[in-house]
Amino acid sequence: MRAALDAARAAAAAGEVPVGAVVVRGGEVIAVAANAPRTLCDPTAHAEILALRAAATALARDRLEDCDLWVTLEPCAMCAGAIAHARIARLYYGADDMKGGAVEHGPRFFAQPTCHHRPELFAGIGATEAAALLRAFFAARR
């Protein structure tokens, strides 16, 4: 989670919402990404999506069934869908997202009968630090 939090800080420094994501396989970091929708002019450039794309490219395959994803914020519905399609084994996330989250909140994507793959879920890891980054980012903009 430390690498994901570092990526989130880098996102904030670039003016992006501070979310970071890391794909790990067998204890080795495969990909690290930060939110970049504004930078890339791409509404799908969430940290999770960018990390999954980088990991799939690095491993030269579309399924990441032996990989874990660490992310600083509860994934949205788009990212949860990508996580399921990538067949991520375990999802670790920090702060809850009561408004936009889709894992424990909102649509609870992985609990839906139409979801074809459900990763093991581990919530609240690094939540205090991740939430503090988000609060500070948005407080500075109000």
# chains A, B, ... in the order shown; residues from 1 in each chain; ligands from 1
>>> residues_around(residues="Ala80 of chain A", least_positions_apart="2", cutoff="8 Å", atoms="only C-alpha atoms", output="ChimeraX atom specification")
/A:75-78,82-84,102-103,109-110
>>> write_last_selection(atoms="C-alpha atoms", output="PDB file, in the first residue's frame")
ATOM      1  CA  PRO A  75     -12.954   1.287  -6.762  1.00  0.00           C
ATOM      2  CA  CYS A  76     -15.834   2.746  -8.765  1.00  0.00           C
ATOM      3  CA  ALA A  77     -18.135   0.622 -10.937  1.00  0.00           C
ATOM      4  CA  MET A  78     -15.940   1.058 -14.035  1.00  0.00           C
ATOM      5  CA  ALA A  82     -12.139  -3.988 -15.137  1.00  0.00           C
ATOM      6  CA  ILE A  83     -10.895  -5.805 -12.027  1.00  0.00           C
ATOM      7  CA  ALA A  84     -13.395  -8.608 -12.659  1.00  0.00           C
ATOM      8  CA  ALA A 102     -18.878   0.165  -6.027  1.00  0.00           C
ATOM      9  CA  VAL A 103     -17.392  -2.574  -3.839  1.00  0.00           C
ATOM     10  CA  PHE A 109     -20.418  -4.835  -8.056  1.00  0.00           C
ATOM     11  CA  PHE A 110     -18.823  -8.095  -6.941  1.00  0.00           C
TER      12      PHE A 110
END
>>> residues_around(residues="Cys79 of chain A", least_positions_apart="2", cutoff="12 Å", atoms="only C-alpha atoms", output="PyMOL selection string")
chain A and resi 21+35+43-53+69+71+73-77+81-86+88+91+100-103+109-110
>>> write_last_selection(atoms="N, CA and C atoms", output="mmCIF file, in the first residue's frame")
data_model
loop_
_atom_site.group_PDB
_atom_site.id
_atom_site.type_symbol
_atom_site.label_atom_id
_atom_site.label_comp_id
_atom_site.auth_asym_id
_atom_site.auth_seq_id
_atom_site.Cartn_x
_atom_site.Cartn_y
_atom_site.Cartn_z
ATOM 1 N N ALA A 21 -2.617 3.126 -7.487
ATOM 2 C CA ALA A 21 -2.880 1.690 -7.578
ATOM 3 C C ALA A 21 -1.600 0.948 -7.942
ATOM 4 N N ASN A 35 -3.973 8.291 -10.637
ATOM 5 C CA ASN A 35 -5.077 8.885 -11.386
ATOM 6 C C ASN A 35 -4.533 9.883 -12.401
ATOM 7 N N PRO A 43 -11.415 10.128 -19.525
ATOM 8 C CA PRO A 43 -12.227 9.852 -18.340
ATOM 9 C C PRO A 43 -12.036 8.449 -17.771
ATOM 10 N N THR A 44 -11.427 7.544 -18.527
ATOM 11 C CA THR A 44 -11.188 6.189 -18.016
ATOM 12 C C THR A 44 -9.812 6.044 -17.368
ATOM 13 N N ALA A 45 -9.044 7.107 -17.292
ATOM 14 C CA ALA A 45 -7.670 7.020 -16.789
ATOM 15 C C ALA A 45 -7.608 7.032 -15.261
ATOM 16 N N HIS A 46 -8.430 6.194 -14.640
ATOM 17 C CA HIS A 46 -8.351 6.007 -13.190
ATOM 18 C C HIS A 46 -7.095 5.184 -12.885
ATOM 19 N N ALA A 47 -6.571 5.335 -11.689
ATOM 20 C CA ALA A 47 -5.346 4.639 -11.294
ATOM 21 C C ALA A 47 -5.454 3.129 -11.511
ATOM 22 N N GLU A 48 -6.599 2.546 -11.158
ATOM 23 C CA GLU A 48 -6.775 1.107 -11.299
ATOM 24 C C GLU A 48 -6.679 0.672 -12.760
ATOM 25 N N ILE A 49 -7.355 1.402 -13.638
ATOM 26 C CA ILE A 49 -7.361 1.064 -15.062
ATOM 27 C C ILE A 49 -5.942 1.150 -15.621
ATOM 28 N N LEU A 50 -5.249 2.231 -15.290
ATOM 29 C CA LEU A 50 -3.885 2.405 -15.798
ATOM 30 C C LEU A 50 -2.945 1.326 -15.266
ATOM 31 N N ALA A 51 -3.108 0.956 -13.992
ATOM 32 C CA ALA A 51 -2.265 -0.103 -13.417
ATOM 33 C C ALA A 51 -2.563 -1.454 -14.060
ATOM 34 N N LEU A 52 -3.847 -1.756 -14.283
ATOM 35 C CA LEU A 52 -4.206 -3.019 -14.936
ATOM 36 C C LEU A 52 -3.658 -3.078 -16.355
ATOM 37 N N ARG A 53 -3.777 -1.975 -17.097
ATOM 38 C CA ARG A 53 -3.245 -1.932 -18.463
ATOM 39 C C ARG A 53 -1.738 -2.152 -18.467
ATOM 40 N N LEU A 69 -4.305 -6.466 -6.602
ATOM 41 C CA LEU A 69 -4.381 -5.035 -6.852
ATOM 42 C C LEU A 69 -4.520 -4.311 -5.524
ATOM 43 N N VAL A 71 -5.104 -0.521 -4.023
ATOM 44 C CA VAL A 71 -5.557 0.805 -4.442
ATOM 45 C C VAL A 71 -5.943 1.608 -3.197
ATOM 46 N N LEU A 73 -8.243 3.929 -2.781
ATOM 47 C CA LEU A 73 -9.653 4.272 -2.623
ATOM 48 C C LEU A 73 -10.524 3.145 -3.169
ATOM 49 N N GLU A 74 -11.648 2.916 -2.529
ATOM 50 C CA GLU A 74 -12.594 1.910 -3.003
ATOM 51 C C GLU A 74 -12.904 2.139 -4.483
ATOM 52 N N PRO A 75 -12.721 1.130 -5.325
ATOM 53 C CA PRO A 75 -12.954 1.287 -6.762
ATOM 54 C C PRO A 75 -14.401 1.633 -7.123
ATOM 55 N N CYS A 76 -14.527 2.401 -8.208
ATOM 56 C CA CYS A 76 -15.834 2.746 -8.765
ATOM 57 C C CYS A 76 -16.344 1.559 -9.588
ATOM 58 N N ALA A 77 -17.542 1.699 -10.146
ATOM 59 C CA ALA A 77 -18.135 0.622 -10.937
ATOM 60 C C ALA A 77 -17.295 0.290 -12.172
ATOM 61 N N GLY A 81 -15.497 -3.353 -12.666
ATOM 62 C CA GLY A 81 -15.709 -4.165 -13.864
ATOM 63 C C GLY A 81 -14.394 -4.588 -14.488
ATOM 64 N N ALA A 82 -13.446 -3.668 -14.571
ATOM 65 C CA ALA A 82 -12.139 -3.988 -15.137
ATOM 66 C C ALA A 82 -11.404 -5.002 -14.267
ATOM 67 N N ILE A 83 -11.527 -4.867 -12.962
ATOM 68 C CA ILE A 83 -10.895 -5.805 -12.027
ATOM 69 C C ILE A 83 -11.459 -7.216 -12.247
ATOM 70 N N ALA A 84 -12.767 -7.308 -12.408
ATOM 71 C CA ALA A 84 -13.395 -8.608 -12.659
ATOM 72 C C ALA A 84 -12.931 -9.179 -13.991
ATOM 73 N N HIS A 85 -12.919 -8.367 -15.039
ATOM 74 C CA HIS A 85 -12.493 -8.844 -16.359
ATOM 75 C C HIS A 85 -11.027 -9.260 -16.363
ATOM 76 N N ALA A 86 -10.198 -8.589 -15.567
ATOM 77 C CA ALA A 86 -8.776 -8.935 -15.490
ATOM 78 C C ALA A 86 -8.550 -10.184 -14.638
ATOM 79 N N ILE A 88 -8.417 -10.387 -11.353
ATOM 80 C CA ILE A 88 -7.528 -10.099 -10.224
ATOM 81 C C ILE A 88 -7.873 -11.050 -9.074
ATOM 82 N N LEU A 91 -8.154 -8.004 -4.060
ATOM 83 C CA LEU A 91 -8.242 -6.560 -4.106
ATOM 84 C C LEU A 91 -8.070 -6.024 -2.693
ATOM 85 N N GLY A 100 -18.942 7.281 -4.577
ATOM 86 C CA GLY A 100 -18.625 6.697 -5.877
ATOM 87 C C GLY A 100 -18.141 5.265 -5.844
ATOM 88 N N GLY A 101 -17.969 4.713 -4.656
ATOM 89 C CA GLY A 101 -17.475 3.349 -4.539
ATOM 90 C C GLY A 101 -18.485 2.335 -5.026
ATOM 91 N N ALA A 102 -17.985 1.193 -5.489
ATOM 92 C CA ALA A 102 -18.878 0.165 -6.027
ATOM 93 C C ALA A 102 -18.568 -1.223 -5.475
ATOM 94 N N VAL A 103 -17.750 -1.283 -4.421
ATOM 95 C CA VAL A 103 -17.392 -2.574 -3.839
ATOM 96 C C VAL A 103 -18.219 -2.826 -2.578
ATOM 97 N N PHE A 109 -20.637 -4.152 -6.781
ATOM 98 C CA PHE A 109 -20.418 -4.835 -8.056
ATOM 99 C C PHE A 109 -20.140 -6.328 -7.924
ATOM 100 N N PHE A 110 -19.235 -6.690 -7.037
ATOM 101 C CA PHE A 110 -18.823 -8.095 -6.941
ATOM 102 C C PHE A 110 -19.890 -8.998 -6.329
#
>>> atom_distance(atom1="atom CA of Ala34 of chain A", atom2="atom CA of Ala8 of chain A")
5.8 Å
>>> closest_residue(among="A:Val17, A:Ala10, A:Ala56, A:Met1", to="Ala136 of chain A", atoms="only C-alpha atoms")
A:Val17
>>> select_by_dssp(residues="segment 7-98 of chain A", states="strand (DSSP E)", output="list in words")
Gly20, Ala21, Val22, Val23, Val24, Arg25, Glu28, Val29, Ile30, Ala31, Val32, Ala33, Ala34, Asp68, Leu69, Trp70, Val71, Thr72, Leu73, Arg90, Leu91, Tyr92, Tyr93, Gly94 and Ala95 of chain A
>>> write_last_selection(atoms="C-alpha atoms", output="short mmCIF file (atom, residue, chain, number, x, y, z; two decimals), in the first residue's frame")
data_model
loop_
_atom_site.label_atom_id
_atom_site.label_comp_id
_atom_site.auth_asym_id
_atom_site.auth_seq_id
_atom_site.Cartn_x
_atom_site.Cartn_y
_atom_site.Cartn_z
CA GLY A 20 -2.86 5.35 -6.58
CA ALA A 21 -2.88 1.69 -7.58
CA VAL A 22 -0.30 -1.09 -7.66
CA VAL A 23 -0.46 -4.55 -9.25
CA VAL A 24 1.61 -7.19 -7.44
CA ARG A 25 2.39 -10.77 -8.43
CA GLU A 28 6.86 -8.37 -6.98
CA VAL A 29 5.47 -5.01 -8.08
CA ILE A 30 4.40 -5.34 -11.72
CA ALA A 31 2.80 -1.91 -12.25
CA VAL A 32 2.21 1.35 -10.39
CA ALA A 33 -0.18 4.06 -11.56
CA ALA A 34 -1.82 7.25 -10.38
CA ASP A 68 -3.26 -8.64 -6.55
CA LEU A 69 -4.38 -5.03 -6.85
CA TRP A 70 -3.68 -2.50 -4.13
CA VAL A 71 -5.56 0.80 -4.44
CA THR A 72 -5.91 3.74 -2.07
CA LEU A 73 -9.65 4.27 -2.62
CA ARG A 90 -7.18 -10.19 -4.42
CA LEU A 91 -8.24 -6.56 -4.11
CA TYR A 92 -6.81 -4.50 -1.24
CA TYR A 93 -8.10 -0.97 -0.85
CA GLY A 94 -7.75 1.87 1.63
CA ALA A 95 -10.43 4.50 2.06
#
>>> atom_distance(atom1="atom CA of Gly124 of chain A", atom2="atom CA of Arg142 of chain A")
26.3 Å
>>> atom_distance(atom1="atom CA of Ala127 of chain A", atom2="atom CA of Asp96 of chain A")
7.5 Å
>>> closest_residue(among="A:Glu65, A:Ala123, A:Ala36, A:Ala132", to="His105 of chain A", atoms="only C-alpha atoms")
A:Ala123
>>> closest_residue(among="A:Arg108, A:Asp97, A:Arg61, A:Pro119", to="Val19 of chain A", atoms="only C-alpha atoms")
A:Asp97
>>> residues_around(residues="segment 39-41 of chain A", least_positions_apart="5", cutoff="9 Å", atoms="only C-alpha atoms", output="PyMOL selection string")
chain A and resi 14-16
>>> select_by_dssp(residues="chain A", states="alpha helix (DSSP H)", output="PyMOL selection string")
chain A and resi 2-13+37-40+47-59+77-86+127-140
>>> write_last_selection(atoms="N, CA and C atoms", output="short mmCIF file (atom, residue, chain, number, x, y, z; two decimals), in the first residue's frame")
data_model
loop_
_atom_site.label_atom_id
_atom_site.label_comp_id
_atom_site.auth_asym_id
_atom_site.auth_seq_id
_atom_site.Cartn_x
_atom_site.Cartn_y
_atom_site.Cartn_z
N ARG A 2 2.07 1.13 0.51
CA ARG A 2 2.97 2.30 0.54
C ARG A 2 3.19 2.83 -0.87
N ALA A 3 3.42 1.97 -1.84
CA ALA A 3 3.65 2.41 -3.22
C ALA A 3 2.39 3.06 -3.80
N ALA A 4 1.24 2.54 -3.46
CA ALA A 4 -0.02 3.13 -3.94
C ALA A 4 -0.23 4.51 -3.34
N LEU A 5 0.09 4.68 -2.07
CA LEU A 5 -0.03 5.99 -1.42
C LEU A 5 0.96 6.98 -2.02
N ASP A 6 2.17 6.52 -2.35
CA ASP A 6 3.14 7.40 -3.02
C ASP A 6 2.61 7.84 -4.38
N ALA A 7 1.99 6.93 -5.11
CA ALA A 7 1.41 7.27 -6.42
C ALA A 7 0.25 8.26 -6.24
N ALA A 8 -0.53 8.09 -5.18
CA ALA A 8 -1.64 9.01 -4.91
C ALA A 8 -1.10 10.41 -4.62
N ARG A 9 -0.01 10.50 -3.88
CA ARG A 9 0.61 11.81 -3.61
C ARG A 9 1.10 12.45 -4.91
N ALA A 10 1.66 11.65 -5.79
CA ALA A 10 2.12 12.16 -7.09
C ALA A 10 0.94 12.67 -7.92
N ALA A 11 -0.19 11.96 -7.85
CA ALA A 11 -1.39 12.41 -8.56
C ALA A 11 -1.82 13.77 -8.04
N ALA A 12 -1.86 13.93 -6.73
CA ALA A 12 -2.26 15.21 -6.13
C ALA A 12 -1.33 16.33 -6.58
N ALA A 13 -0.04 16.05 -6.60
CA ALA A 13 0.94 17.06 -7.03
C ALA A 13 0.72 17.47 -8.48
N PRO A 37 -6.97 11.28 -15.29
CA PRO A 37 -7.99 11.66 -16.28
C PRO A 37 -7.76 13.05 -16.87
N ARG A 38 -7.39 14.02 -16.05
CA ARG A 38 -7.18 15.38 -16.56
C ARG A 38 -5.91 15.46 -17.39
N THR A 39 -4.86 14.86 -16.90
CA THR A 39 -3.58 14.88 -17.61
C THR A 39 -3.69 14.24 -18.98
N LEU A 40 -4.36 13.10 -19.04
CA LEU A 40 -4.47 12.35 -20.30
C LEU A 40 -5.72 12.70 -21.11
N ALA A 47 -6.57 5.33 -11.69
CA ALA A 47 -5.35 4.64 -11.29
C ALA A 47 -5.45 3.13 -11.51
N GLU A 48 -6.60 2.55 -11.16
CA GLU A 48 -6.77 1.11 -11.30
C GLU A 48 -6.68 0.67 -12.76
N ILE A 49 -7.36 1.40 -13.64
CA ILE A 49 -7.36 1.06 -15.06
C ILE A 49 -5.94 1.15 -15.62
N LEU A 50 -5.25 2.23 -15.29
CA LEU A 50 -3.88 2.40 -15.80
C LEU A 50 -2.94 1.33 -15.27
N ALA A 51 -3.11 0.96 -13.99
CA ALA A 51 -2.27 -0.10 -13.42
C ALA A 51 -2.56 -1.45 -14.06
N LEU A 52 -3.85 -1.76 -14.28
CA LEU A 52 -4.21 -3.02 -14.94
C LEU A 52 -3.66 -3.08 -16.35
N ARG A 53 -3.78 -1.97 -17.10
CA ARG A 53 -3.25 -1.93 -18.46
C ARG A 53 -1.74 -2.15 -18.47
N ALA A 54 -1.03 -1.48 -17.57
CA ALA A 54 0.43 -1.60 -17.51
C ALA A 54 0.84 -3.02 -17.13
N ALA A 55 0.13 -3.62 -16.18
CA ALA A 55 0.45 -5.00 -15.77
C ALA A 55 0.19 -5.98 -16.89
N ALA A 56 -0.94 -5.83 -17.58
CA ALA A 56 -1.26 -6.72 -18.70
C ALA A 56 -0.21 -6.61 -19.80
N THR A 57 0.24 -5.41 -20.06
CA THR A 57 1.29 -5.21 -21.06
C THR A 57 2.61 -5.83 -20.60
N ALA A 58 2.97 -5.59 -19.34
CA ALA A 58 4.22 -6.12 -18.80
C ALA A 58 4.25 -7.65 -18.82
N LEU A 59 3.10 -8.25 -18.55
CA LEU A 59 3.02 -9.71 -18.50
C LEU A 59 2.58 -10.32 -19.84
N ALA A 77 -17.54 1.70 -10.15
CA ALA A 77 -18.13 0.62 -10.94
C ALA A 77 -17.29 0.29 -12.17
N MET A 78 -16.77 1.30 -12.85
CA MET A 78 -15.94 1.06 -14.04
C MET A 78 -14.70 0.24 -13.66
N CYS A 79 -14.05 0.65 -12.59
CA CYS A 79 -12.83 -0.05 -12.18
C CYS A 79 -13.13 -1.45 -11.64
N ALA A 80 -14.24 -1.59 -10.92
CA ALA A 80 -14.63 -2.92 -10.44
C ALA A 80 -14.87 -3.86 -11.62
N GLY A 81 -15.50 -3.35 -12.67
CA GLY A 81 -15.71 -4.17 -13.86
C GLY A 81 -14.39 -4.59 -14.49
N ALA A 82 -13.45 -3.67 -14.57
CA ALA A 82 -12.14 -3.99 -15.14
C ALA A 82 -11.40 -5.00 -14.27
N ILE A 83 -11.53 -4.87 -12.96
CA ILE A 83 -10.89 -5.81 -12.03
C ILE A 83 -11.46 -7.22 -12.25
N ALA A 84 -12.77 -7.31 -12.41
CA ALA A 84 -13.39 -8.61 -12.66
C ALA A 84 -12.93 -9.18 -13.99
N HIS A 85 -12.92 -8.37 -15.04
CA HIS A 85 -12.49 -8.84 -16.36
C HIS A 85 -11.03 -9.26 -16.36
N ALA A 86 -10.20 -8.59 -15.57
CA ALA A 86 -8.78 -8.94 -15.49
C ALA A 86 -8.55 -10.18 -14.64
N ALA A 127 -6.30 3.13 5.20
CA ALA A 127 -7.47 3.99 5.02
C ALA A 127 -7.28 5.38 5.62
N THR A 128 -6.69 5.48 6.78
CA THR A 128 -6.52 6.77 7.44
C THR A 128 -5.67 7.71 6.59
N GLU A 129 -4.55 7.23 6.10
CA GLU A 129 -3.66 8.05 5.29
C GLU A 129 -4.30 8.38 3.93
N ALA A 130 -4.94 7.40 3.31
CA ALA A 130 -5.59 7.62 2.02
C ALA A 130 -6.70 8.65 2.14
N ALA A 131 -7.51 8.54 3.18
CA ALA A 131 -8.61 9.49 3.39
C ALA A 131 -8.07 10.89 3.68
N ALA A 132 -6.98 10.97 4.43
CA ALA A 132 -6.38 12.28 4.74
C ALA A 132 -5.88 12.95 3.46
N LEU A 133 -5.28 12.19 2.55
CA LEU A 133 -4.83 12.74 1.27
C LEU A 133 -6.01 13.31 0.48
N LEU A 134 -7.09 12.58 0.43
CA LEU A 134 -8.27 13.02 -0.30
C LEU A 134 -8.89 14.26 0.34
N ARG A 135 -9.01 14.26 1.66
CA ARG A 135 -9.59 15.43 2.35
C ARG A 135 -8.74 16.67 2.11
N ALA A 136 -7.43 16.54 2.23
CA ALA A 136 -6.54 17.68 2.02
C ALA A 136 -6.63 18.19 0.58
N PHE A 137 -6.69 17.28 -0.36
CA PHE A 137 -6.77 17.66 -1.78
C PHE A 137 -8.04 18.48 -2.04
N PHE A 138 -9.18 17.99 -1.58
CA PHE A 138 -10.43 18.68 -1.84
C PHE A 138 -10.58 19.94 -1.00
N ALA A 139 -10.05 19.96 0.21
CA ALA A 139 -10.10 21.16 1.05
C ALA A 139 -9.34 22.31 0.41
N ALA A 140 -8.24 22.00 -0.25
CA ALA A 140 -7.43 23.03 -0.92
C ALA A 140 -8.14 23.62 -2.12
#
>>> decode(residues="segment 115-139 of chain A", atoms="N, CA and C atoms", output="PDB file, in the first residue's frame")
ATOM      1  N   CYS A 115     -21.816 -10.725 -12.124  1.00  0.00           N
ATOM      2  CA  CYS A 115     -20.356 -10.593 -12.028  1.00  0.00           C
ATOM      3  C   CYS A 115     -19.725 -11.974 -12.203  1.00  0.00           C
ATOM      4  N   HIS A 116     -18.869 -12.104 -13.190  1.00  0.00           N
ATOM      5  CA  HIS A 116     -18.280 -13.402 -13.527  1.00  0.00           C
ATOM      6  C   HIS A 116     -17.068 -13.789 -12.696  1.00  0.00           C
ATOM      7  N   HIS A 117     -16.425 -12.810 -12.087  1.00  0.00           N
ATOM      8  CA  HIS A 117     -15.241 -13.091 -11.262  1.00  0.00           C
ATOM      9  C   HIS A 117     -15.259 -12.165 -10.055  1.00  0.00           C
ATOM     10  N   ARG A 118     -15.012 -12.742  -8.887  1.00  0.00           N
ATOM     11  CA  ARG A 118     -14.992 -11.980  -7.646  1.00  0.00           C
ATOM     12  C   ARG A 118     -13.646 -12.163  -6.964  1.00  0.00           C
ATOM     13  N   PRO A 119     -12.876 -11.076  -6.851  1.00  0.00           N
ATOM     14  CA  PRO A 119     -11.606 -11.203  -6.133  1.00  0.00           C
ATOM     15  C   PRO A 119     -11.872 -11.306  -4.628  1.00  0.00           C
ATOM     16  N   GLU A 120     -10.895 -11.815  -3.902  1.00  0.00           N
ATOM     17  CA  GLU A 120     -10.964 -11.729  -2.450  1.00  0.00           C
ATOM     18  C   GLU A 120     -10.830 -10.249  -2.113  1.00  0.00           C
ATOM     19  N   LEU A 121     -11.568  -9.790  -1.114  1.00  0.00           N
ATOM     20  CA  LEU A 121     -11.583  -8.368  -0.777  1.00  0.00           C
ATOM     21  C   LEU A 121     -10.990  -8.108   0.603  1.00  0.00           C
ATOM     22  N   PHE A 122     -10.158  -7.064   0.669  1.00  0.00           N
ATOM     23  CA  PHE A 122      -9.552  -6.633   1.916  1.00  0.00           C
ATOM     24  C   PHE A 122      -9.641  -5.111   1.957  1.00  0.00           C
ATOM     25  N   ALA A 123     -10.523  -4.588   2.798  1.00  0.00           N
ATOM     26  CA  ALA A 123     -10.768  -3.147   2.844  1.00  0.00           C
ATOM     27  C   ALA A 123     -10.105  -2.517   4.062  1.00  0.00           C
ATOM     28  N   GLY A 124      -9.877  -1.205   3.961  1.00  0.00           N
ATOM     29  CA  GLY A 124      -9.410  -0.428   5.106  1.00  0.00           C
ATOM     30  C   GLY A 124      -7.908  -0.392   5.306  1.00  0.00           C
ATOM     31  N   ILE A 125      -7.125  -0.935   4.385  1.00  0.00           N
ATOM     32  CA  ILE A 125      -5.674  -0.965   4.538  1.00  0.00           C
ATOM     33  C   ILE A 125      -5.109   0.402   4.140  1.00  0.00           C
ATOM     34  N   GLY A 126      -4.515   1.084   5.094  1.00  0.00           N
ATOM     35  CA  GLY A 126      -4.006   2.426   4.831  1.00  0.00           C
ATOM     36  C   GLY A 126      -5.112   3.454   4.693  1.00  0.00           C
ATOM     37  N   ALA A 127      -6.296   3.134   5.205  1.00  0.00           N
ATOM     38  CA  ALA A 127      -7.468   3.994   5.019  1.00  0.00           C
ATOM     39  C   ALA A 127      -7.282   5.381   5.615  1.00  0.00           C
ATOM     40  N   THR A 128      -6.685   5.477   6.776  1.00  0.00           N
ATOM     41  CA  THR A 128      -6.522   6.773   7.435  1.00  0.00           C
ATOM     42  C   THR A 128      -5.673   7.709   6.589  1.00  0.00           C
ATOM     43  N   GLU A 129      -4.547   7.225   6.104  1.00  0.00           N
ATOM     44  CA  GLU A 129      -3.664   8.053   5.287  1.00  0.00           C
ATOM     45  C   GLU A 129      -4.297   8.378   3.931  1.00  0.00           C
ATOM     46  N   ALA A 130      -4.938   7.397   3.315  1.00  0.00           N
ATOM     47  CA  ALA A 130      -5.585   7.619   2.017  1.00  0.00           C
ATOM     48  C   ALA A 130      -6.702   8.649   2.142  1.00  0.00           C
ATOM     49  N   ALA A 131      -7.511   8.544   3.179  1.00  0.00           N
ATOM     50  CA  ALA A 131      -8.609   9.489   3.387  1.00  0.00           C
ATOM     51  C   ALA A 131      -8.070  10.887   3.678  1.00  0.00           C
ATOM     52  N   ALA A 132      -6.981  10.974   4.433  1.00  0.00           N
ATOM     53  CA  ALA A 132      -6.382  12.278   4.737  1.00  0.00           C
ATOM     54  C   ALA A 132      -5.880  12.953   3.463  1.00  0.00           C
ATOM     55  N   LEU A 133      -5.283  12.185   2.548  1.00  0.00           N
ATOM     56  CA  LEU A 133      -4.827  12.744   1.269  1.00  0.00           C
ATOM     57  C   LEU A 133      -6.006  13.311   0.479  1.00  0.00           C
ATOM     58  N   LEU A 134      -7.086  12.576   0.434  1.00  0.00           N
ATOM     59  CA  LEU A 134      -8.272  13.016  -0.300  1.00  0.00           C
ATOM     60  C   LEU A 134      -8.891  14.264   0.339  1.00  0.00           C
ATOM     61  N   ARG A 135      -9.012  14.258   1.665  1.00  0.00           N
ATOM     62  CA  ARG A 135      -9.594  15.427   2.346  1.00  0.00           C
ATOM     63  C   ARG A 135      -8.741  16.670   2.110  1.00  0.00           C
ATOM     64  N   ALA A 136      -7.435  16.538   2.225  1.00  0.00           N
ATOM     65  CA  ALA A 136      -6.544  17.684   2.024  1.00  0.00           C
ATOM     66  C   ALA A 136      -6.631  18.193   0.580  1.00  0.00           C
ATOM     67  N   PHE A 137      -6.691  17.280  -0.364  1.00  0.00           N
ATOM     68  CA  PHE A 137      -6.773  17.659  -1.781  1.00  0.00           C
ATOM     69  C   PHE A 137      -8.036  18.482  -2.044  1.00  0.00           C
ATOM     70  N   PHE A 138      -9.178  17.992  -1.581  1.00  0.00           N
ATOM     71  CA  PHE A 138     -10.429  18.680  -1.842  1.00  0.00           C
ATOM     72  C   PHE A 138     -10.582  19.944  -0.998  1.00  0.00           C
ATOM     73  N   ALA A 139     -10.047  19.959   0.213  1.00  0.00           N
ATOM     74  CA  ALA A 139     -10.104  21.162   1.054  1.00  0.00           C
ATOM     75  C   ALA A 139      -9.338  22.310   0.406  1.00  0.00           C
TER      76      ALA A 139
END
